[in-house]
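File shown here: start06.csv, holding CSV, C-alpha atoms and all ligand atoms.
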chain,number,residue,atom,x,y,z
A,1,MET,CA,9.2,124.1,237.3
A,2,THR,CA,6.8,125.1,239.9
A,3,GLN,CA,3.8,127.4,239.6
A,4,VAL,CA,3.1,129.2,242.8
A,5,THR,CA,-0.4,130.6,243.4
A,6,LEU,CA,-1.5,132.7,246.4
A,7,HIS,CA,-5.2,132.9,247.0
A,8,HIS,CA,-6.5,135.7,249.3
A,9,LEU,CA,-3.5,135.2,251.5
A,10,SER,CA,-3.5,137.2,254.7
A,11,LYS,CA,-1.3,137.5,257.8
A,12,ARG,CA,-2.0,139.3,261.0
A,13,TYR,CA,0.6,139.2,263.8
A,14,ASP,CA,-1.8,141.0,266.1
A,15,GLN,CA,-5.5,142.2,266.1
A,16,GLN,CA,-4.6,145.8,265.0
A,17,HIS,CA,-3.2,145.4,261.6
A,18,HIS,CA,-2.6,143.1,258.7
A,19,ALA,CA,1.1,142.5,257.7
A,20,VAL,CA,-0.3,140.9,254.4
A,21,ARG,CA,-3.9,141.5,253.3
A,22,ASP,CA,-5.9,139.5,250.8
A,23,LEU,CA,-3.0,138.8,248.4
A,24,THR,CA,-3.9,136.9,245.2
A,25,LEU,CA,-1.1,136.2,242.8
A,26,ALA,CA,-0.2,133.6,240.2
A,27,LEU,CA,3.5,133.4,239.7
A,28,ALA,CA,4.8,132.1,236.4
A,29,PRO,CA,6.8,128.8,236.7
A,30,GLY,CA,10.5,128.8,235.9
A,31,ARG,CA,10.7,132.6,236.1
A,32,VAL,CA,12.1,135.2,238.4
A,33,THR,CA,9.5,137.2,240.3
A,34,ALA,CA,10.3,140.2,242.6
A,35,LEU,CA,8.2,141.1,245.6
A,36,LEU,CA,8.8,144.8,245.8
A,37,GLY,CA,7.8,147.5,248.2
A,38,PRO,CA,9.0,149.8,251.0
A,39,SER,CA,10.2,148.6,254.4
A,40,GLY,CA,7.5,146.9,256.4
A,41,CYS,CA,5.1,146.3,253.5
A,42,GLY,CA,5.0,142.5,254.2
A,43,LYS,CA,7.6,141.1,251.8
A,44,THR,CA,9.5,138.9,254.2
A,45,THR,CA,6.2,137.8,255.8
A,46,THR,CA,4.9,136.7,252.4
A,47,LEU,CA,8.1,134.8,251.6
A,48,LYS,CA,8.0,133.0,254.9
A,49,MET,CA,4.5,131.9,254.4
A,50,ILE,CA,5.4,130.5,251.0
A,51,ALA,CA,8.4,128.7,252.5
A,52,GLY,CA,6.2,127.2,255.2
A,53,LEU,CA,8.0,129.0,258.1
A,54,LEU,CA,4.9,131.0,259.1
A,55,PRO,CA,1.2,130.0,259.0
A,56,PRO,CA,-1.1,132.4,257.2
A,57,THR,CA,-4.1,133.8,259.1
A,58,ALA,CA,-6.3,133.2,256.0
A,59,GLY,CA,-6.1,132.2,252.4
A,60,ASP,CA,-4.3,129.4,250.5
A,61,ILE,CA,-0.9,128.8,248.9
A,62,GLN,CA,-0.7,126.3,246.1
A,63,PHE,CA,2.3,124.7,244.3
A,64,ASP,CA,1.2,123.4,240.9
A,65,GLY,CA,-2.5,123.6,241.9
A,66,GLN,CA,-2.0,121.7,245.2
A,67,SER,CA,-2.5,123.4,248.5
A,68,VAL,CA,0.7,123.2,250.6
A,69,LEU,CA,-0.7,124.6,253.8
A,70,SER,CA,-0.6,121.3,255.5
A,71,VAL,CA,2.9,120.4,254.1
A,72,PRO,CA,5.7,121.1,256.6
A,73,ALA,CA,8.5,123.5,255.5
A,74,GLU,CA,11.1,120.8,254.9
A,75,GLN,CA,8.8,118.9,252.6
A,76,ARG,CA,7.7,121.8,250.4
A,77,GLY,CA,10.8,121.8,248.3
A,78,ALA,CA,11.1,125.6,248.8
A,79,VAL,CA,14.3,126.9,250.3
A,80,MET,CA,14.7,130.4,251.7
A,81,VAL,CA,17.9,132.4,251.8
A,82,PHE,CA,17.6,135.0,254.5
A,83,GLN,CA,18.4,138.7,254.5
A,84,ASN,CA,21.3,138.2,256.8
A,85,HIS,CA,22.7,135.0,255.4
A,86,LEU,CA,23.4,132.8,258.4
A,87,LEU,CA,26.3,130.4,257.7
A,88,PHE,CA,27.2,128.0,260.5
A,89,PRO,CA,30.4,129.7,261.8
A,90,TYR,CA,31.9,126.6,263.2
A,91,LEU,CA,31.5,124.6,260.0
A,92,SER,CA,33.7,124.8,256.9
A,93,VAL,CA,32.3,126.1,253.6
A,94,GLY,CA,32.1,122.6,252.3
A,95,GLU,CA,30.2,121.4,255.5
A,96,ASN,CA,27.9,124.4,255.3
A,97,VAL,CA,27.0,123.7,251.6
A,98,GLY,CA,26.6,119.9,252.3
A,99,PHE,CA,24.6,120.4,255.4
A,100,GLY,CA,21.1,119.7,253.8
A,101,LEU,CA,22.4,116.6,252.1
A,102,LYS,CA,23.9,115.3,255.3
A,103,MET,CA,20.6,115.8,257.1
A,104,ARG,CA,19.0,113.7,254.5
A,105,GLY,CA,21.5,110.9,255.1
A,106,GLN,CA,23.3,111.1,251.7
A,107,ALA,CA,26.6,109.2,251.3
A,108,GLN,CA,29.8,111.1,251.8
A,109,ALA,CA,30.9,110.7,248.2
A,110,VAL,CA,27.6,112.0,246.9
A,111,ILE,CA,27.8,115.0,249.2
A,112,ARG,CA,31.4,115.8,248.2
A,113,GLN,CA,30.5,115.7,244.5
A,114,ARG,CA,27.3,117.8,244.9
A,115,VAL,CA,29.1,120.4,247.1
A,116,ALA,CA,31.8,120.7,244.5
A,117,GLU,CA,29.2,121.2,241.7
A,118,MET,CA,27.3,123.8,243.7
A,119,LEU,CA,30.5,125.8,244.6
A,120,ALA,CA,31.4,125.8,241.0
A,121,LEU,CA,27.9,127.1,240.1
A,122,VAL,CA,28.3,130.0,242.5
A,123,ARG,CA,31.9,130.6,241.2
A,124,LEU,CA,33.7,129.5,244.3
A,125,PRO,CA,35.3,126.3,243.2
A,126,GLY,CA,37.8,124.8,245.7
A,127,TYR,CA,36.5,126.8,248.6
A,128,GLU,CA,35.4,123.8,250.6
A,129,ALA,CA,38.0,124.1,253.4
A,130,ARG,CA,37.5,127.8,254.1
A,131,ARG,CA,35.7,129.0,257.3
A,132,PRO,CA,32.9,131.5,257.1
A,133,HIS,CA,35.0,134.2,258.8
A,134,GLN,CA,37.5,133.9,256.0
A,135,LEU,CA,35.0,135.0,253.3
A,136,SER,CA,34.0,138.4,252.0
A,137,GLY,CA,30.4,139.5,252.3
A,138,GLY,CA,29.7,138.6,248.7
A,139,GLN,CA,31.4,135.2,249.0
A,140,ALA,CA,29.4,134.4,252.1
A,141,GLN,CA,26.2,135.3,250.2
A,142,ARG,CA,27.2,132.9,247.4
A,143,VAL,CA,27.9,130.1,249.8
A,144,ALA,CA,24.5,130.6,251.4
A,145,LEU,CA,23.0,130.3,247.8
A,146,ALA,CA,25.0,127.1,247.2
A,147,ARG,CA,23.8,125.7,250.5
A,148,ALA,CA,20.2,126.4,249.5
A,149,LEU,CA,20.5,125.0,246.0
A,150,VAL,CA,22.3,121.8,247.0
A,151,VAL,CA,19.0,120.1,248.0
A,152,GLN,CA,17.6,120.7,244.5
A,153,PRO,CA,14.6,122.9,245.5
A,154,ARG,CA,11.7,123.4,243.2
A,155,LEU,CA,11.4,127.0,244.5
A,156,LEU,CA,14.2,129.4,245.5
A,157,LEU,CA,13.1,132.2,247.8
A,158,LEU,CA,15.6,135.0,248.3
A,159,ASP,CA,15.1,137.7,250.9
A,160,GLU,CA,17.0,140.9,249.8
A,161,PRO,CA,19.9,138.8,248.3
A,162,LEU,CA,21.8,141.9,247.1
A,163,SER,CA,21.2,144.4,249.9
A,164,ASN,CA,24.5,144.0,251.7
A,165,LEU,CA,26.7,144.1,248.6
A,166,ASP,CA,28.5,146.9,246.9
A,167,ALA,CA,27.6,147.9,243.4
A,168,HIS,CA,30.1,145.7,241.7
A,169,LEU,CA,29.2,142.6,243.7
A,170,ARG,CA,25.5,143.3,243.2
A,171,GLU,CA,26.0,143.1,239.4
A,172,GLU,CA,27.9,139.8,239.8
A,173,MET,CA,25.1,138.4,242.1
A,174,ARG,CA,22.4,139.5,239.6
A,175,GLN,CA,24.2,137.7,236.8
A,176,LEU,CA,24.6,134.6,239.0
A,177,ILE,CA,20.9,134.5,240.0
A,178,ARG,CA,20.0,134.7,236.3
A,179,GLU,CA,22.5,131.9,235.4
A,180,ILE,CA,21.2,129.7,238.2
A,181,GLN,CA,17.7,130.3,237.0
A,182,GLN,CA,18.6,129.3,233.4
A,183,ALA,CA,20.9,126.4,234.4
A,184,LEU,CA,18.5,124.8,236.9
A,185,GLY,CA,15.2,126.1,235.4
A,186,ILE,CA,13.8,126.7,238.9
A,187,THR,CA,11.2,129.2,240.0
A,188,ILE,CA,12.7,132.1,241.9
A,189,ILE,CA,11.0,134.7,244.1
A,190,PHE,CA,13.1,137.4,245.5
A,191,VAL,CA,12.4,140.3,247.8
A,192,THR,CA,13.7,143.8,247.3
A,193,HIS,CA,12.8,147.4,248.2
A,194,ASP,CA,14.8,148.7,245.3
A,195,GLN,CA,12.7,149.3,242.2
A,196,GLU,CA,15.7,149.4,239.9
A,197,GLU,CA,16.9,146.0,241.1
A,198,ALA,CA,13.4,144.5,240.6
A,199,VAL,CA,13.3,145.9,237.1
A,200,ILE,CA,16.7,144.6,236.1
A,201,LEU,CA,16.4,141.1,237.5
A,202,ALA,CA,12.7,140.1,237.5
A,203,ASP,CA,10.5,138.8,234.7
A,204,GLU,CA,7.5,140.0,236.7
A,205,ILE,CA,7.1,142.3,239.7
A,206,ALA,CA,4.5,142.3,242.5
A,207,LEU,CA,4.4,145.7,244.2
A,208,LEU,CA,3.1,145.8,247.7
A,209,PHE,CA,2.2,148.7,250.0
A,210,GLU,CA,1.1,148.0,253.6
A,211,GLY,CA,0.5,144.4,252.8
A,212,GLN,CA,-1.6,145.0,249.8
A,213,LEU,CA,-0.9,144.3,246.2
A,214,HIS,CA,-1.0,147.4,244.0
A,215,GLN,CA,0.3,146.1,240.7
A,216,PHE,CA,1.6,142.8,239.2
A,217,GLY,CA,3.2,142.4,235.8
A,218,PRO,CA,6.3,142.8,233.7
A,219,PRO,CA,8.7,145.7,234.7
A,220,HIS,CA,7.9,148.0,231.7
A,221,ARG,CA,4.2,148.3,232.8
A,222,PHE,CA,5.2,149.9,236.0
A,223,TYR,CA,6.8,152.8,234.0
A,224,GLU,CA,4.4,152.9,231.1
A,225,GLN,CA,1.1,152.0,232.7
A,226,PRO,CA,1.3,152.4,236.5
A,227,ALA,CA,-2.0,151.3,238.2
A,228,ASN,CA,-2.3,154.4,240.4
A,229,GLU,CA,-0.5,157.5,241.7
A,230,ARG,CA,1.4,155.6,244.4
A,231,VAL,CA,2.8,153.1,241.9
A,232,ALA,CA,3.7,155.9,239.6
A,233,ARG,CA,5.5,157.8,242.3
A,234,PHE,CA,7.3,154.7,243.6
A,235,PHE,CA,8.7,154.3,240.0
A,236,GLY,CA,9.9,157.9,239.9
A,237,SER,CA,7.0,159.6,238.1
A,238,ARG,CA,6.9,163.2,239.0
A,239,ASN,CA,4.7,164.6,236.2
A,240,LEU,CA,1.2,164.5,237.6
A,241,ILE,CA,-1.4,166.9,236.3
A,242,PRO,CA,-4.9,166.9,237.6
A,243,GLY,CA,-7.6,167.0,234.9
A,244,ARG,CA,-11.0,165.9,233.8
A,245,LYS,CA,-11.3,163.1,231.2
A,246,GLN,CA,-14.0,163.1,228.5
A,247,GLY,CA,-13.5,160.4,225.9
A,248,GLU,CA,-10.0,160.8,224.5
A,249,ARG,CA,-9.6,164.4,225.7
A,250,VAL,CA,-8.5,165.6,229.1
A,251,SER,CA,-9.0,169.2,230.2
A,252,THR,CA,-6.5,170.6,232.7
A,253,ALA,CA,-5.4,174.0,234.1
A,254,LEU,CA,-2.6,173.8,231.4
A,255,GLY,CA,-5.1,173.3,228.6
A,256,GLU,CA,-6.7,170.4,226.7
A,257,PHE,CA,-4.8,167.3,225.9
A,258,GLN,CA,-5.5,164.6,223.3
A,259,VAL,CA,-4.9,161.2,224.9
A,260,ALA,CA,-4.9,157.6,223.8
A,261,ALA,CA,-7.9,155.5,224.7
A,262,SER,CA,-8.0,154.8,228.5
A,263,PRO,CA,-9.9,152.2,230.4
A,264,LEU,CA,-10.7,154.8,233.1
A,265,PRO,CA,-14.3,156.2,233.2
A,266,ASP,CA,-14.8,159.8,232.3
A,267,GLY,CA,-14.4,162.3,235.2
A,268,PRO,CA,-11.5,163.4,237.3
A,269,VAL,CA,-8.1,161.8,236.5
A,270,LEU,CA,-4.4,162.5,236.9
A,271,LEU,CA,-2.5,162.9,233.6
A,272,THR,CA,1.1,161.6,233.7
A,273,PHE,CA,4.0,161.1,231.3
A,274,ARG,CA,7.6,159.9,231.7
A,275,PRO,CA,10.2,162.7,231.6
A,276,GLU,CA,11.9,161.0,228.7
A,277,SER,CA,8.7,160.7,226.6
A,278,ALA,CA,8.0,164.4,226.3
A,279,ALA,CA,9.8,166.6,223.8
A,280,LEU,CA,11.2,169.9,224.9
A,281,HIS,CA,11.7,172.7,222.3
A,282,PRO,CA,13.4,176.0,222.8
A,283,THR,CA,11.0,177.7,220.4
A,284,ARG,CA,7.4,179.0,220.9
A,285,PRO,CA,4.8,176.5,219.6
A,286,PRO,CA,2.7,177.3,216.5
A,287,ALA,CA,-0.6,179.0,217.5
A,288,ASP,CA,-2.7,175.9,216.8
A,289,ALA,CA,-0.3,173.3,218.3
A,290,ALA,CA,-2.1,170.6,220.3
A,291,ASN,CA,-0.7,168.9,223.4
A,292,THR,CA,1.8,171.5,224.2
A,293,ILE,CA,2.6,173.3,227.4
A,294,ARG,CA,4.4,176.7,227.5
A,295,VAL,CA,7.0,176.2,230.3
A,296,HIS,CA,9.6,178.2,232.2
A,297,VAL,CA,13.0,176.5,232.9
A,298,THR,CA,13.7,176.5,236.6
A,299,GLY,CA,16.6,174.0,236.6
A,300,CYS,CA,18.8,172.1,234.2
A,301,VAL,CA,21.3,169.3,234.9
A,302,TYR,CA,23.7,168.0,232.3
A,303,ALA,CA,24.2,164.3,233.0
A,304,GLY,CA,26.5,163.3,230.0
A,305,THR,CA,24.1,161.0,228.2
A,306,HIS,CA,21.1,163.3,228.7
A,307,THR,CA,20.1,166.6,230.3
A,308,ARG,CA,17.4,166.7,233.0
A,309,TRP,CA,15.1,169.7,233.1
A,310,GLN,CA,12.9,171.2,235.9
A,311,LEU,CA,10.1,173.2,234.5
A,312,ILE,CA,7.0,175.1,235.7
A,313,PRO,CA,4.1,176.0,233.4
A,314,ALA,CA,4.7,179.6,232.3
A,315,GLY,CA,2.0,182.1,233.3
A,316,LEU,CA,0.2,179.6,235.6
A,317,HIS,CA,-0.5,181.0,239.1
A,318,ALA,CA,-0.6,178.9,242.3
A,319,PRO,CA,-0.7,176.1,243.0
A,320,ARG,CA,2.8,175.6,241.6
A,321,LEU,CA,3.1,172.5,239.4
A,322,ASN,CA,6.6,171.1,238.8
A,323,LEU,CA,7.3,169.2,235.6
A,324,HIS,CA,10.3,167.2,234.6
A,325,ALA,CA,11.7,166.4,231.2
A,326,VAL,CA,14.8,164.6,229.9
A,327,SER,CA,16.3,165.7,226.6
A,328,ASP,CA,19.3,165.2,224.3
A,329,PRO,CA,22.4,166.4,226.3
A,330,ARG,CA,23.1,169.1,223.7
A,331,LEU,CA,19.8,171.0,224.2
A,332,GLY,CA,21.6,172.9,227.0
A,333,ALA,CA,23.4,174.9,224.2
A,334,TRP,CA,20.0,176.4,223.2
A,335,LEU,CA,18.1,176.6,226.5
A,336,ARG,CA,19.0,177.6,230.0
A,337,GLU,CA,17.6,178.4,233.4
A,338,GLY,CA,15.2,181.3,233.2
A,339,ASP,CA,14.2,180.7,229.5
A,340,ASN,CA,10.8,179.8,228.3
A,341,ALA,CA,10.3,176.8,226.1
A,342,THR,CA,7.6,174.4,224.7
A,343,LEU,CA,6.9,170.9,226.1
A,344,TYR,CA,5.1,168.6,223.7
A,345,LEU,CA,3.3,165.5,225.0
A,346,PRO,CA,2.5,163.0,222.3
A,347,PRO,CA,-1.0,161.5,223.0
A,348,GLU,CA,0.4,158.0,223.0
A,349,ASN,CA,2.9,158.9,225.7
A,350,ILE,CA,0.3,160.2,228.1
A,351,TRP,CA,-1.1,157.8,230.7
A,352,LEU,CA,-4.1,158.4,232.9
A,353,LEU,CA,-4.3,157.5,236.6
A,354,PRO,CA,-7.4,157.4,238.8
A,355,ALA,CA,-7.7,160.8,240.4
A,356,GLN,CA,-7.7,160.0,244.1
A,357,GLN,CA,-4.9,158.1,245.8
A,358,ASP,CA,-5.8,154.5,246.5
A,359,ALA,CA,-6.1,153.6,250.1
B,1,LIG,N1,6.9,138.6,264.4
B,1,LIG,C1,6.2,139.7,264.2
B,1,LIG,N2,5.4,140.1,265.1
B,1,LIG,C2,4.6,141.2,265.0
B,1,LIG,N3,4.7,142.0,263.9
B,1,LIG,C3,5.6,141.6,262.9
B,1,LIG,C4,6.4,140.5,263.0
B,1,LIG,N4,7.2,140.4,261.9
B,1,LIG,C5,6.8,141.4,261.1
B,1,LIG,N5,5.9,142.2,261.7
B,1,LIG,C6,5.2,143.4,261.1
B,1,LIG,O1,4.6,143.0,259.9
B,1,LIG,C7,4.8,144.0,258.9
B,1,LIG,C8,5.5,143.4,257.7
B,1,LIG,O2,6.8,143.0,258.1
B,1,LIG,P1,7.8,142.3,257.0
B,1,LIG,O3,9.0,141.8,257.8
B,1,LIG,O4,7.1,141.3,256.2
B,1,LIG,O5,8.2,143.5,256.1
B,1,LIG,P2,9.2,143.7,254.9
B,1,LIG,O6,8.4,144.1,253.8
B,1,LIG,O7,10.0,142.4,254.8
B,1,LIG,O8,10.2,144.9,255.4
B,1,LIG,P3,11.8,145.1,255.2
B,1,LIG,O9,12.0,145.6,253.8
B,1,LIG,O10,12.1,146.2,256.3
B,1,LIG,O11,12.5,143.8,255.5
B,1,LIG,C9,5.6,145.1,259.6
B,1,LIG,O12,4.7,146.1,260.0
B,1,LIG,C10,6.3,144.4,260.8
B,1,LIG,O13,6.5,145.3,261.9
B,2,MG,MG,12.0,142.0,255.1
Produce structure tokens that represent the structure in this file.
Ligand SMILES: Nc1ncnc2c1ncn2[C@@H]1O[C@H](COP(=O)(O)OP(=O)(O)OP(=O)(O)O)[C@@H](O)[C@H]1O
Ligand SMILES: [Mg+2]
Amino acid sequence: MTQVTLHHLSKRYDQQHHAVRDLTLALAPGRVTALLGPSGCGKTTTLKMIAGLLPPTAGDIQFDGQSVLSVPAEQRGAVMVFQNHLLFPYLSVGENVGFGLKMRGQAQAVIRQRVAEMLALVRLPGYEARRPHQLSGGQAQRVALARALVVQPRLLLLDEPLSNLDAHLREEMRQLIREIQQALGITIIFVTHDQEEAVILADEIALLFEGQLHQFGPPHRFYEQPANERVARFFGSRNLIPGRKQGERVSTALGEFQVAASPLPDGPVLLTFRPESAALHPTRPPADAANTIRVHVTGCVYAGTHTRWQLIPAGLHAPRLNLHAVSDPRLGAWLREGDNATLYLPPENIWLLPAQQDA
């Protein structure tokens, strides 16, 4: 199992801007890490630098504490599977998978055996004689995976491994990646711009915007404790209420809220909560109720397992503030568009963000 550490890693393709800027990360060995972020944020660039396919402009990359900057790609023990999996079209599936071993001068019998093992691992046993054009997209992706794994890498780097697949194949590939990780115990880093994918598949997520790391940690933190407004928005938070923090209280245009202890200093903050962590009641709150907002229902969508609510604070004048809540699906029998209701925010479900958006 390989521990990958990035130290102040930067990449500039030109003088004007950084593709990756001062990235410092310690990735857990034998785990699955997602590099997540919107298009152009530097994910592929980072992966290529780890693989040894692109030299960094500054910083260091270490495998198990040893710098690998001077180690050529083919000796790093890291294999990268590209966004558009490129199989050699004129070779059979078996020859594609065995290619890396043949290059290393392995005996035919060994190659045949390892190729069969790898094809079994990616659930394509007996596909040796097929040609790439006779494969479906999902099968070709799995052959590319088998070809990468056949050389027994210490590190598997996957660039958008699921992006060209339909929902069903995605699920299958996800399971496969998990199985491979468990069967071979290797460290896997995969790139995605899809936050749901990162959450389902990764043990830890590194979220990048414009080449800079904004948050690193296990998936649940990105929902429960986003580092800043941008992270919160990327993970679908739409409840953002400006306020002023003083100790464990925050005063806002919607009233005062009791909050859990926050590491942020007193002063301007953004108060946020998940739609599913607030409680919506069709009744008026008792006069002394704390942490409640009187709201007006502007929209309501029944989604089978739950109902989604769009709300605005009742009696609050411009600027308009939209709030979102999720409730038991049956609340729709008691409450509808145009009604007023009460939204209760438990202090422990409120999270505070720095007030101004990070650059
Ligand atoms: N060879 C290159 N020369 C100049 N600029 C480049 C080069 N490759 C990438 N870039 C720029 O570097 C930035 C990061 O690119 P990168 O390919 O790492 O993004 P990405 O996060 O993988 O995006 P996507 O999700 O679209 O694949 C982008 O602004 C891109 O235009
Ligand atoms: Mg990319």
- prompt: So which one's closest to ligand LIG 1 (chain B), A:Arg104, A:His193, A:Arg174, A:His306? Using all atoms listed in the file, please.
  reply: A:His193
Quick one: residues within 12 Å of stretch 229-233 of chain A, only C-alpha atoms counted, chain neighbours fewer than 4 positions away excluded, as a CSV table (one decimal) with C-alpha atoms, keeping the file's coordinate frame?
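Saved result, result_5.csv, follows:
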chain,number,residue,atom,x,y,z
A,36,LEU,CA,8.8,144.8,245.8
A,37,GLY,CA,7.8,147.5,248.2
A,38,PRO,CA,9.0,149.8,251.0
A,195,GLN,CA,12.7,149.3,242.2
A,205,ILE,CA,7.1,142.3,239.7
A,206,ALA,CA,4.5,142.3,242.5
A,207,LEU,CA,4.4,145.7,244.2
A,208,LEU,CA,3.1,145.8,247.7
A,209,PHE,CA,2.2,148.7,250.0
A,210,GLU,CA,1.1,148.0,253.6
A,213,LEU,CA,-0.9,144.3,246.2
A,214,HIS,CA,-1.0,147.4,244.0
A,215,GLN,CA,0.3,146.1,240.7
A,216,PHE,CA,1.6,142.8,239.2
A,219,PRO,CA,8.7,145.7,234.7
A,220,HIS,CA,7.9,148.0,231.7
A,221,ARG,CA,4.2,148.3,232.8
A,222,PHE,CA,5.2,149.9,236.0
A,223,TYR,CA,6.8,152.8,234.0
A,224,GLU,CA,4.4,152.9,231.1
A,225,GLN,CA,1.1,152.0,232.7
A,237,SER,CA,7.0,159.6,238.1
A,238,ARG,CA,6.9,163.2,239.0
A,239,ASN,CA,4.7,164.6,236.2
A,240,LEU,CA,1.2,164.5,237.6
A,241,ILE,CA,-1.4,166.9,236.3
A,242,PRO,CA,-4.9,166.9,237.6
A,269,VAL,CA,-8.1,161.8,236.5
A,270,LEU,CA,-4.4,162.5,236.9
A,271,LEU,CA,-2.5,162.9,233.6
A,272,THR,CA,1.1,161.6,233.7
A,273,PHE,CA,4.0,161.1,231.3
A,274,ARG,CA,7.6,159.9,231.7
A,351,TRP,CA,-1.1,157.8,230.7
A,352,LEU,CA,-4.1,158.4,232.9
A,353,LEU,CA,-4.3,157.5,236.6
A,354,PRO,CA,-7.4,157.4,238.8
A,355,ALA,CA,-7.7,160.8,240.4
A,356,GLN,CA,-7.7,160.0,244.1
A,357,GLN,CA,-4.9,158.1,245.8
A,358,ASP,CA,-5.8,154.5,246.5
A,359,ALA,CA,-6.1,153.6,250.1
query: For A:Leu25, which residue among A:Glu256, A:Glu160, A:Asp60, A:Glu348 is the nearest when counting all atoms listed in the file?
result: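 The closest residue to A:Leu25 is A:Asp60.
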Hey, which bits of chain A sit within 10 Å of ligand LIG 1 (chain B), and for each residue what's the closest pair of atoms and how far apart in Å (one decimal), counting only C-alpha atoms and all ligand atoms, rows by chain and increasing number, as CSV?
residue,atom,partner,partner_atom,distance
A:Lys11,CA,B:LIG1,O1,8.3
A:Arg12,CA,B:LIG1,O1,7.6
A:Tyr13,CA,B:LIG1,C2,4.6
A:Asp14,CA,B:LIG1,C2,6.5
A:His17,CA,B:LIG1,O12,8.1
A:His18,CA,B:LIG1,O1,7.3
A:Ala19,CA,B:LIG1,O1,4.2
A:Val20,CA,B:LIG1,C8,7.1
A:Leu35,CA,B:LIG1,O6,8.7
A:Leu36,CA,B:LIG1,O6,8.0
A:Gly37,CA,B:LIG1,O6,6.6
A:Pro38,CA,B:LIG1,O9,5.9
A:Ser39,CA,B:LIG1,O9,3.5
A:Gly40,CA,B:LIG1,O5,3.5
A:Cys41,CA,B:LIG1,O6,4.0
A:Gly42,CA,B:LIG1,O4,3.1
A:Lys43,CA,B:LIG1,O6,3.7
A:Thr44,CA,B:LIG1,O7,3.6
A:Thr45,CA,B:LIG1,O4,3.6
A:Thr46,CA,B:LIG1,O4,6.4
A:Leu47,CA,B:LIG1,O4,8.0
A:Lys48,CA,B:LIG1,O4,8.4
A:Met49,CA,B:LIG1,O4,9.9
A:Leu54,CA,B:LIG1,N1,9.5
A:Gln83,CA,B:LIG1,O11,7.9
A:Asp159,CA,B:LIG1,O7,8.0
A:Glu160,CA,B:LIG1,O11,7.8
A:Val191,CA,B:LIG1,O7,7.7
A:Thr192,CA,B:LIG1,O9,7.0
A:His193,CA,B:LIG1,O9,5.9
A:Asp194,CA,B:LIG1,O9,9.5
A:Leu208,CA,B:LIG1,O6,8.3
A:Phe209,CA,B:LIG1,O6,8.6
A:Glu210,CA,B:LIG1,C8,7.6
A:Gly211,CA,B:LIG1,C8,7.1
Using all atoms listed in the file, which residues of stretch 133-170 of chain A come within 7 Å of stretch 176-190 of chain A, and what is the closest atom pair for each, with the distance in Å to one decimal? Give it as JSON lines, sorted by chain and residue number.
{"residue": "A:Arg154", "atom": "CA", "partner": "A:Ile186", "partner_atom": "CA", "distance": 5.8}
{"residue": "A:Leu155", "atom": "CA", "partner": "A:Thr187", "partner_atom": "CA", "distance": 5.0}
{"residue": "A:Leu156", "atom": "CA", "partner": "A:Ile188", "partner_atom": "CA", "distance": 4.7}
{"residue": "A:Leu157", "atom": "CA", "partner": "A:Ile189", "partner_atom": "CA", "distance": 4.9}
{"residue": "A:Leu158", "atom": "CA", "partner": "A:Phe190", "partner_atom": "CA", "distance": 4.5}
{"residue": "A:Asp159", "atom": "CA", "partner": "A:Phe190", "partner_atom": "CA", "distance": 5.8}
{"residue": "A:Glu160", "atom": "CA", "partner": "A:Phe190", "partner_atom": "CA", "distance": 6.8}
Near-A:Val295 list (7 Å; only C-alpha atoms; drop same-chain fewer than 5 positions) as a list in words: Leu311, Ile312, Pro313, Ala314, Asn340, Ala341, Thr342 and Leu343 of chain A
field: Straight-line distance linking atom CA of A:Thr5 with atom CA of A:Gln75, stated in Å to one decimal
entry: 17.5 Å
- prompt: For A:Val122, which residue out of A:Thr252, A:Asn164, A:Gln175, A:Ser70 is the nearest one, using all atoms listed in the file?
  reply: A:Gln175
task: For A:Gly98, please output as a list of chain:residue names all residues within 10 Å (counting all atoms listed in the file; exclusion window: fewer than 4 positions along the same chain).
output: A:Ser92, A:Val93, A:Gly94, A:Lys102, A:Met103, A:Gln106, A:Gln108, A:Val110, A:Ile111, A:Arg112, A:Gln113, A:Arg114, A:Val115, A:Ala116, A:Met118, A:Glu128, A:Ala146, A:Arg147, A:Ala148, A:Val150, A:Val151
Residue among A:Ile50, A:Leu149, A:Leu165, A:Leu121 lying closest to A:Gly137, counting only C-alpha atoms: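 Nearest candidate to A:Gly137 out of A:Ile50, A:Leu149, A:Leu165, A:Leu121: A:Leu165.
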message: Nearest residue to ligand MG 2 (chain B) out of A:Leu27, A:Leu86, A:Val81, A:Thr305, using only C-alpha atoms and all ligand atoms?
response: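 When distances to ligand MG 2 (chain B) are compared using only C-alpha atoms and all ligand atoms, the smallest one comes from A:Val81.
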statement: Residue with the minimum atom-to-atom distance to A:Phe82, picked from A:Asn322, A:Ser163, A:Ser277, A:Asn228 with all atoms listed in the file counted, is A:Ser163
